[in-house]
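Colleague: Below: one structure in structure tokens.
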Amino acid sequence: MTSSNPEPIRTLIADDQEAVRRSVRRILEVQPDITVVGEAADGVAALELAAELRPDVALVDIRMPRMDGLELTRRLAGPGAVTPVRVVVLTTFDLDEYVYPALRYGASGFLLKRSGPALLAEAVRAAAGGESLISPAVTVRLLQHVTAPRRVDRRSAPAAPLTEREVEIAGHVAGGRTNADIAAELFISPGTVKTHVASIQRKLGVQNRVGIAVHAWEMGYAVSTAP
């Protein structure tokens, strides 16, 4: 008889600090739907393990020897990735100059290493499901610092222009709101929001909601999260 339980999310941990890897593994392995398939102490080893183990999600430290998290993210999640892996970037600092490029290279989100166990597990599940962890407490706050609103640049404009409704929804995505939150705010159904989000991703050429958020902050129409 075939089990009705879904396969656990196969996760790779890449961090140069053994204590961090051990702590993250301990947090994830008590989750019934997540399993840690490997650990790496540097970017090169992580890339090799990813090719061998084919994880669903990689938790990547931004600062590692041999190959840093930025380059590793590009190779695992960027447009040229041979076997794409969802990447969640880990960082020690609230503000890190590598965070914004990591998002540009396809990271599905990032969180601070001091984030609690629940948020870490949530980030893995969100990435595995093709979503992004964009929480007001973490991602949006960092995006506000590393992606200050600027004047529209033709080079930043999408190939196909966003509709007025899409601009509105992209702004709310950048504010850390879920599809349900946006639906309630705009008096439309969550399914309609989901359709708009998919259209926005296609027009912007981005892989996830983080890409939408980055674009909205760049173009200056992000909706700020209420304090």
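In the structure tokens, each chain is lettered A, B, ... as it comes, each chain's residues begin at 1, and ligands are numbered from 1 in order of appearance.
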List the neighbours of Ala198 of chain A out to 12 Å using only C-alpha atoms; skip same-chain residues closer than 2 positions along the sequence, and give me the result as a compact mmCIF listing (two decimals) with C-alpha atoms, in the first residue's frame.
Modeller:
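Wrote part.txt, looks like this:
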# COMPACT_ATOMS: atom_id res chain seq x y z
CA GLY A 130 7.88 27.71 -4.44
CA GLU A 131 7.08 30.62 -2.15
CA LEU A 162 2.46 45.84 -15.22
CA GLU A 166 -0.46 44.34 -10.72
CA ILE A 169 -0.41 43.85 -5.72
CA ALA A 170 3.38 43.97 -6.19
CA ASN A 179 -2.13 36.35 -0.81
CA GLY A 191 -7.15 32.89 -6.25
CA THR A 192 -7.26 36.16 -8.18
CA VAL A 193 -4.27 37.44 -6.22
CA LYS A 194 -2.38 34.22 -7.01
CA THR A 195 -3.10 34.67 -10.72
CA HIS A 196 -1.86 38.27 -10.62
CA ILE A 200 3.86 39.72 -12.32
CA GLN A 201 6.61 37.10 -11.95
CA ARG A 202 6.37 36.26 -15.63
CA LYS A 203 6.53 39.91 -16.73
CA LEU A 204 9.43 40.74 -14.41
CA GLY A 205 11.32 37.55 -15.21
CA VAL A 206 11.71 36.73 -11.52
CA GLN A 207 11.43 33.34 -9.85
CA ASN A 208 9.55 34.17 -6.68
CA ARG A 209 7.90 36.77 -4.45
CA GLY A 211 12.01 39.15 -6.85
CA ILE A 212 8.69 40.99 -6.94
Colleague: Write down as a PyMOL selection string the residues belonging to segment 18-227 of chain A that are assigned alpha helix (DSSP H) by DSSP computed on the backbone.
Modeller: chain A and resi 18-29+43-53+69-77+99-104+117-128+139-146+164-174+179-186+190-204+209-219
Colleague: What is the atom CA of Leu12 of chain A-atom CA of Thr73 of chain A distance in Å, reported with one decimal?
Modeller: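 Separating atom CA of Leu12 of chain A from atom CA of Thr73 of chain A is a distance of 12.7 Å.
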Colleague: Counting only C-alpha atoms, what is within 10 Å of Asp56 of chain A, bar same-chain residues fewer than 4 positions away, as number ranges by chain?
Modeller: A: 8-12, 37, 50, 84-87, 124-125, 127-129
Colleague: Give me, as a list in words, all polymer residues having an atom no more than 12 Å from Leu49 of chain A, counting only C-alpha atoms and skipping those fewer than 2 positions away in the same chain.
Modeller: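 Listed by chain and then number, they are Thr11, Leu12, Ile13, Ala14, Val37, Gly38, Glu39, Ala40, Ala41, Asp42, Gly43, Val44, Ala45, Ala46, Leu47, Ala51, Glu52, Leu53, Arg54, Pro55, Ala58, Leu72, Leu76 and Val85 of chain A.
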